[in-house]
Amino acid sequence: MEQETVEAAQSSELGAGPSCSDSNLISRMALNDNKAGMEGLDKERINQIIYEASKDSKFFENEKKKEEQLESRIKEQQSKISKITQAQLRAAEHEADKVLAILEDERDLSHTIVHVDMDAFYAAVEMRDDPTLWNKPMAVGGLGMLSTSNYLARRFGVRAAMPGFIGLKLCPDLVLVKPNFDKYSAVSKEVRQVLSQYDPNFCPMSLDEAYMDFTNHLQKRLQSSALSRMFVLREKNTGHDKIGENENYCMCDLNVVLRPALLSSSEFRDQCVSDEILQTFLNTESFSKHFKVCTECNKMFPKYTCKVFGCSVEDAVLELRNRIEQRTHLTASAGVAPNTMLAKVCSDKNKPNGQYRIKPDKKEIMSFMLDLPIRKISGIGKVTEKLLGSIGVVTCKDLFTHRAMLFHLFSCTSFHYFMRISAGIGSTCVERDGERKSISTERTFNEISDPKLLLQKCRELCKNLSEDMKDEKTLGKTVTLKIKTVGFDVKTRSFTLSHYTNDEALLLKAAQMLLQTEINAELPGALRLRLMGVRMSKLCSDQESQVSVADMFKRIDKNDQGDQNSKNYPNPDFLSFQNAQSVIQNFDDICTGEESDLHIVDFDGEEDDDNESSVFSMPLNHTLVSGLGDNNRYKQELFPLKGRKKESHLSSEIGILKFACTGYKAADSIQVTTKHATGIKEEAQGKISRQDMLNCKESIFSSQENGLPRKLSFKIKGLNHHLNKSASETLSEADSPFMAGNQLMDSSHCLETLNTSTSETGMVSCPICRQQKLNWPLDQLNTHIDLCLSKQTVKDILQKDKLKNSDSVSHKEKSIKRPSSSSSSSLRDKKQKTQPSVISYFK
DNA sequence: GCGGATCAC
DNA sequence: TATGGTGATCCGC
């Protein structure tokens, strides 16, 4: 810990010059001894070894590059500083003090937060189960990377996040053990069982650590009997506390196999008795006389004692740690404080197998913060440490001293974060994280540069991810490809689909497109990778696609009121895969006039329809609903308009449903909104051109592959339900390339048509941007279409169309409340009398 | 919304 | 011979 201060002080002095320019090792690669069990090491020697092992590697080159980038960030920071006037600093100080005053108001000392952290968890589990490791420096991991090391190994400078081969250089006797995650996870479960008895809502951060709120437990504890705070302890240092030492002894959790019997045998079991009296009784009375053999394993009990734990926080936490140890034969450390930030720091203070408490007292907190290095705070890593160090901030108190400067140099978020740290204020709730926000898989490998093999790797990853997502019953919308070059350069490229999916083929298509783009960018060179990953974000649950129309209403209403509970409702911006899929499946049937289980309900609140109320219970993915504008009678009754936003998401979805079902029937006058995959919305008002109509069709057709929708980007507004004369005059279906006589082709034929009609000449053209290529493979064409749809091309088309139809009046969505007579055709005027304007559906 | 960076474990 | 995998967040654009 002391070295750390020295290192930080050095970096604060270095100013502009590169750090460690004299010594060979750059600071970011130096041993990070910010970890228990690593005090007082010969850092210089260790760093020299690390340097020797790294200096010629590409990894090292990249680290140097990053170091330089950091240096230039620091220079920028300094040039900013040079422009700050004294007056500005004074003003900033004033602002900062205001912030601190507000924070002070929020200070909450009423909670008792405990952070529990298993000591060298993975390593400890392995040592517990293998006596041959007991006296050896060991680490869990491989030559590539270590997950954790035992305390013996730490004396050599071997630590987590260090490559194994360097660990071996530091400590040639180091034993490497391959990780057994299943085992760690099982042990973790046991630990959690104990934790849950103190706080059922504890918040696990990983397999080996958790935050807990002890406040309630401590309250109850005050009322609890001494006996209920009595627990069994194995006598230590007899050897009988280690698994594998002596097979003759019971290794069960004595608090499970023995304690109940002890409790019921105690003469105090029905009485209120003081802790002292009970403890004295336990010390004199030898229970082991009566209980010698474990009924679970039939082995002899080891030597044990019983202890009554008091009602204080310290005793409660000690009891918890003891119970963990009895249960798992592993030790844990704990930190106790009024908030999570401090509790976390505390759990490290007396590691291993210790605990530390900061009392809920402002003075005590402030004196604790006084010389606490900022690096100890969770969230401040090596970069922030260095950035802050360069302006003289090393301890938490320094954050306060330099608050005016921090105000100028950092974002609002960071500044507030720093101020909270300086005041020792942290979160007092330990709620578990909500739903996950992304899911990913990535793999490091020996260099791959052959495009075929790269695509193969991509395929594997997508397959894995798709499976993981199906296991998790989750769908996603944004696909991100991550690549790391052999030079350790990391890049991410993402693409947002128009609907949620976890389908392998769709995933692959998106990821492949992104990868191909990167491969192409390197041409004529090769893209040389050492890692590839695929991530899916913007998730929604698989289940959520099964909502009824009523749910949908509720959801929109909740969300628009900014309800805190809106998380309980599906993301309003959803077009579920199932939804789309079901529409597509019904698509051909409807167009060809065959049976379908898709319900079509005009749900506009007019008097004449008895079917309408049934809509509420229909699953949406089999229901086509129209008329859901704010004028909708049912909707108004159910959810009075209280400044609610327009139901654009809903109408978007319904628009797509409508189009899918009626697109072939054509329309006389419609409005098109294109929602790009990028999220940009483009609108075209007035009459739609024939070409747009075809584009829409093509888009939907080309979206079908293996029966799956690929792209649904069009939202049709104001679509009239049925073909009529005036429409047929302006839009002849016979002109469609997808018509076979009077019959519409099914989707597979359309695909064929798309293919063959163009391949006669060998030239294939993109239906969107009209770009032509010789023998454009369908795969790539589809990928290209995706790209087109996501970029600006559609916008251009729509722009042109706008020009062509410049006689029609253009409206902003907002201004359209009623069917506009100025842009109406006579047909629409007629229709309007019998039913609400189609435009009003999507106001 | 996207991409780079930082951070924790 | 040789430096991980997963998830979250923030910032600047």
# chains A, B, ... in the order shown; residues from 1 in each chain; ligands from 1
>>> residues_around(residues="A:Asn350", least_positions_apart="4", cutoff="12 Å", atoms="only C-alpha atoms (C1' of nucleotides)", output="list of chain:residue names")
A:Lys35, A:Ala36, A:Gly37, A:Val116, A:Asp117, A:Asp119, A:Ala332, A:Ser333, A:Ala334, A:Gly335, A:Val336, A:Lys344, A:Val345, A:Cys346, A:Gly354, A:Gln355, A:Tyr356, A:Arg357
>>> interface_residues(of="chain A", to="chain C", cutoff="9 Å", atoms="only C-alpha atoms (C1' of nucleotides)", output="VMD selection string")
chain A and resid 54 57 59 143 to 147 161 to 166 411 413 to 414 436 to 444
>>> closest_atom_pairs(of="chain B", to="chain A", cutoff="7 Å", atoms="only C-alpha atoms (C1' of nucleotides)", output="JSON lines")
{"residue": "B:DG1", "atom": "C1'", "partner": "A:Thr678", "partner_atom": "CA", "distance": 6.8}
{"residue": "B:DG3", "atom": "C1'", "partner": "A:Thr492", "partner_atom": "CA", "distance": 6.4}
{"residue": "B:DC7", "atom": "C1'", "partner": "A:Gly379", "partner_atom": "CA", "distance": 5.9}
{"residue": "B:DC9", "atom": "C1'", "partner": "A:Ser206", "partner_atom": "CA", "distance": 6.6}
>>> atom_distance(atom1="atom CA of A:Gly389", atom2="atom CA of A:His94")
23.1 Å
>>> select_by_dssp(residues="stretch 105-191 of chain A", states="strand (DSSP E)", output="JSON, numbers by chain")
{"A": [113, 114, 115, 116, 117, 118, 138, 139, 140, 141, 146, 147, 148, 149, 175, 176, 177]}
>>> select_by_dssp(residues="stretch 297-417 of chain A", states="helix (DSSP H, G or I)", output="MDAnalysis selection string")
chainID A and resid 313:328 340:349 362:370 374:376 382:389 396:401 403:409 412:417
>>> write_last_selection(atoms="C-alpha atoms", output="compact mmCIF listing (two decimals), in the first residue's frame")
# COMPACT_ATOMS: atom_id res chain seq x y z
CA VAL A 313 -22.46 -5.60 14.09
CA GLU A 314 -19.01 -6.91 14.63
CA ASP A 315 -20.31 -10.08 16.24
CA ALA A 316 -22.92 -10.57 13.57
CA VAL A 317 -20.35 -10.28 10.80
CA LEU A 318 -17.92 -12.48 12.67
CA GLU A 319 -20.69 -15.04 13.02
CA LEU A 320 -21.42 -14.83 9.31
CA ARG A 321 -17.78 -15.31 8.40
CA ASN A 322 -17.48 -18.20 10.80
CA ARG A 323 -20.50 -19.88 9.37
CA ILE A 324 -19.12 -19.50 5.86
CA GLU A 325 -15.91 -21.08 7.01
CA GLN A 326 -17.68 -23.94 8.76
CA ARG A 327 -19.74 -24.51 5.69
CA THR A 328 -17.09 -24.27 2.98
CA THR A 340 -21.39 0.25 -0.32
CA MET A 341 -18.45 2.35 -1.45
CA LEU A 342 -16.91 2.35 2.01
CA ALA A 343 -17.87 -1.23 2.80
CA LYS A 344 -15.99 -2.35 -0.26
CA VAL A 345 -12.84 -0.52 0.81
CA CYS A 346 -13.19 -1.93 4.31
CA SER A 347 -13.41 -5.54 3.22
CA ASP A 348 -9.93 -5.17 1.78
CA LYS A 349 -8.51 -3.61 4.89
CA LYS A 362 -19.33 11.56 9.79
CA LYS A 363 -16.14 12.41 11.60
CA GLU A 364 -14.91 8.86 11.49
CA ILE A 365 -15.73 8.64 7.81
CA MET A 366 -13.93 11.86 7.00
CA SER A 367 -10.82 10.83 8.86
CA PHE A 368 -10.92 7.49 7.04
CA MET A 369 -11.07 9.29 3.70
CA LEU A 370 -8.25 11.62 4.65
CA ILE A 374 -8.30 7.14 -4.63
CA ARG A 375 -7.23 3.94 -6.36
CA LYS A 376 -8.85 1.99 -3.53
CA LYS A 382 -5.24 2.98 -13.37
CA VAL A 383 -6.16 5.56 -16.00
CA THR A 384 -8.24 7.75 -13.74
CA GLU A 385 -5.63 7.36 -11.06
CA LYS A 386 -2.97 8.68 -13.38
CA LEU A 387 -5.18 11.40 -14.79
CA LEU A 388 -5.98 12.64 -11.32
CA GLY A 389 -2.44 12.06 -10.12
CA CYS A 396 -9.64 11.12 -1.37
CA LYS A 397 -9.11 14.28 0.54
CA ASP A 398 -7.20 15.66 -2.45
CA LEU A 399 -10.42 15.34 -4.40
CA PHE A 400 -11.88 17.91 -2.06
CA THR A 401 -8.85 20.16 -2.10
CA ARG A 403 -12.56 20.36 -6.33
CA ALA A 404 -12.49 23.60 -8.31
CA MET A 405 -10.05 22.14 -10.81
CA LEU A 406 -11.99 18.91 -11.07
CA PHE A 407 -15.11 20.93 -11.76
CA HIS A 408 -13.46 22.41 -14.83
CA LEU A 409 -11.65 19.35 -16.09
CA CYS A 412 -20.68 16.63 -14.64
CA THR A 413 -21.09 12.92 -13.93
CA SER A 414 -17.44 12.41 -13.07
CA PHE A 415 -17.31 15.54 -10.97
CA HIS A 416 -20.27 14.47 -8.87
CA TYR A 417 -18.76 11.03 -8.52
>>> decode(residues="stretch 128-140 of chain A", atoms="all heavy atoms", output="compact mmCIF listing (two decimals), in the first residue's frame")
# COMPACT_ATOMS: atom_id res chain seq x y z
N ARG A 128 -8.03 -26.17 -0.92
CA ARG A 128 -8.85 -26.93 0.01
C ARG A 128 -8.98 -28.37 -0.45
O ARG A 128 -8.90 -29.31 0.35
CB ARG A 128 -10.25 -26.29 0.06
CG ARG A 128 -11.22 -27.00 0.97
CD ARG A 128 -12.63 -26.51 0.75
NE ARG A 128 -13.21 -27.04 -0.50
CZ ARG A 128 -14.47 -26.90 -0.84
NH1 ARG A 128 -15.29 -26.21 -0.05
NH2 ARG A 128 -14.94 -27.40 -1.97
N ASP A 129 -9.11 -28.56 -1.75
CA ASP A 129 -9.40 -29.89 -2.26
C ASP A 129 -8.16 -30.68 -2.66
O ASP A 129 -8.26 -31.81 -3.09
CB ASP A 129 -10.35 -29.79 -3.46
CG ASP A 129 -11.70 -29.22 -3.05
OD1 ASP A 129 -11.96 -29.17 -1.83
OD2 ASP A 129 -12.48 -28.81 -3.93
N ASP A 130 -7.02 -30.06 -2.56
CA ASP A 130 -5.80 -30.77 -2.95
C ASP A 130 -4.67 -30.47 -1.96
O ASP A 130 -3.99 -29.46 -2.04
CB ASP A 130 -5.38 -30.33 -4.36
CG ASP A 130 -4.15 -31.07 -4.83
OD1 ASP A 130 -3.60 -31.87 -4.03
OD2 ASP A 130 -3.72 -30.86 -5.98
N PRO A 131 -4.49 -31.37 -0.99
CA PRO A 131 -3.50 -31.15 0.07
C PRO A 131 -2.09 -30.90 -0.46
O PRO A 131 -1.30 -30.24 0.20
CB PRO A 131 -3.55 -32.46 0.86
CG PRO A 131 -4.87 -33.05 0.57
CD PRO A 131 -5.21 -32.63 -0.82
N THR A 132 -1.81 -31.41 -1.66
CA THR A 132 -0.45 -31.22 -2.17
C THR A 132 -0.16 -29.76 -2.48
O THR A 132 0.97 -29.38 -2.71
CB THR A 132 -0.22 -32.05 -3.45
OG1 THR A 132 -1.06 -31.51 -4.50
CG2 THR A 132 -0.56 -33.51 -3.23
N LEU A 133 -1.20 -28.93 -2.49
CA LEU A 133 -0.99 -27.52 -2.83
C LEU A 133 -0.78 -26.65 -1.59
O LEU A 133 -0.46 -25.48 -1.69
CB LEU A 133 -2.20 -26.99 -3.61
CG LEU A 133 -2.46 -27.58 -4.98
CD1 LEU A 133 -3.79 -27.06 -5.52
CD2 LEU A 133 -1.34 -27.24 -5.94
N TRP A 134 -0.99 -27.26 -0.42
CA TRP A 134 -1.08 -26.44 0.77
C TRP A 134 0.11 -25.53 1.03
O TRP A 134 -0.07 -24.41 1.51
CB TRP A 134 -1.34 -27.32 2.01
CG TRP A 134 -2.75 -27.82 2.05
CD1 TRP A 134 -3.74 -27.49 1.18
CD2 TRP A 134 -3.32 -28.73 2.97
NE1 TRP A 134 -4.89 -28.14 1.49
CE2 TRP A 134 -4.68 -28.91 2.61
CE3 TRP A 134 -2.83 -29.43 4.09
CZ2 TRP A 134 -5.55 -29.76 3.29
CZ3 TRP A 134 -3.69 -30.27 4.78
CH2 TRP A 134 -5.04 -30.42 4.39
N ASN A 135 1.28 -26.03 0.74
CA ASN A 135 2.45 -25.21 1.06
C ASN A 135 3.14 -24.68 -0.19
O ASN A 135 4.31 -24.38 -0.19
CB ASN A 135 3.44 -26.01 1.89
CG ASN A 135 2.79 -26.46 3.19
OD1 ASN A 135 2.17 -25.64 3.87
ND2 ASN A 135 2.90 -27.74 3.51
N LYS A 136 2.38 -24.61 -1.26
CA LYS A 136 3.03 -24.20 -2.50
C LYS A 136 2.44 -22.91 -3.04
O LYS A 136 1.25 -22.65 -2.89
CB LYS A 136 2.86 -25.30 -3.56
CG LYS A 136 3.66 -26.53 -3.25
CD LYS A 136 3.42 -27.60 -4.29
CE LYS A 136 4.08 -28.90 -3.82
NZ LYS A 136 3.49 -30.06 -4.47
N PRO A 137 3.29 -22.12 -3.69
CA PRO A 137 2.74 -20.96 -4.40
C PRO A 137 1.96 -21.49 -5.60
O PRO A 137 2.47 -22.27 -6.39
CB PRO A 137 3.97 -20.17 -4.84
CG PRO A 137 5.07 -21.17 -4.89
CD PRO A 137 4.75 -22.24 -3.87
N MET A 138 0.72 -21.09 -5.71
CA MET A 138 -0.05 -21.59 -6.84
C MET A 138 -0.99 -20.51 -7.37
O MET A 138 -1.26 -19.51 -6.71
CB MET A 138 -0.86 -22.84 -6.46
CG MET A 138 -1.85 -22.68 -5.32
SD MET A 138 -3.46 -22.04 -5.83
CE MET A 138 -4.09 -23.39 -6.80
N ALA A 139 -1.45 -20.74 -8.58
CA ALA A 139 -2.38 -19.80 -9.19
C ALA A 139 -3.36 -20.57 -10.04
O ALA A 139 -3.04 -21.63 -10.57
CB ALA A 139 -1.65 -18.77 -10.03
N VAL A 140 -4.55 -20.06 -10.16
CA VAL A 140 -5.56 -20.68 -11.03
C VAL A 140 -5.55 -19.96 -12.36
O VAL A 140 -5.65 -18.73 -12.41
CB VAL A 140 -6.97 -20.60 -10.40
CG1 VAL A 140 -8.01 -21.16 -11.34
CG2 VAL A 140 -6.99 -21.33 -9.07
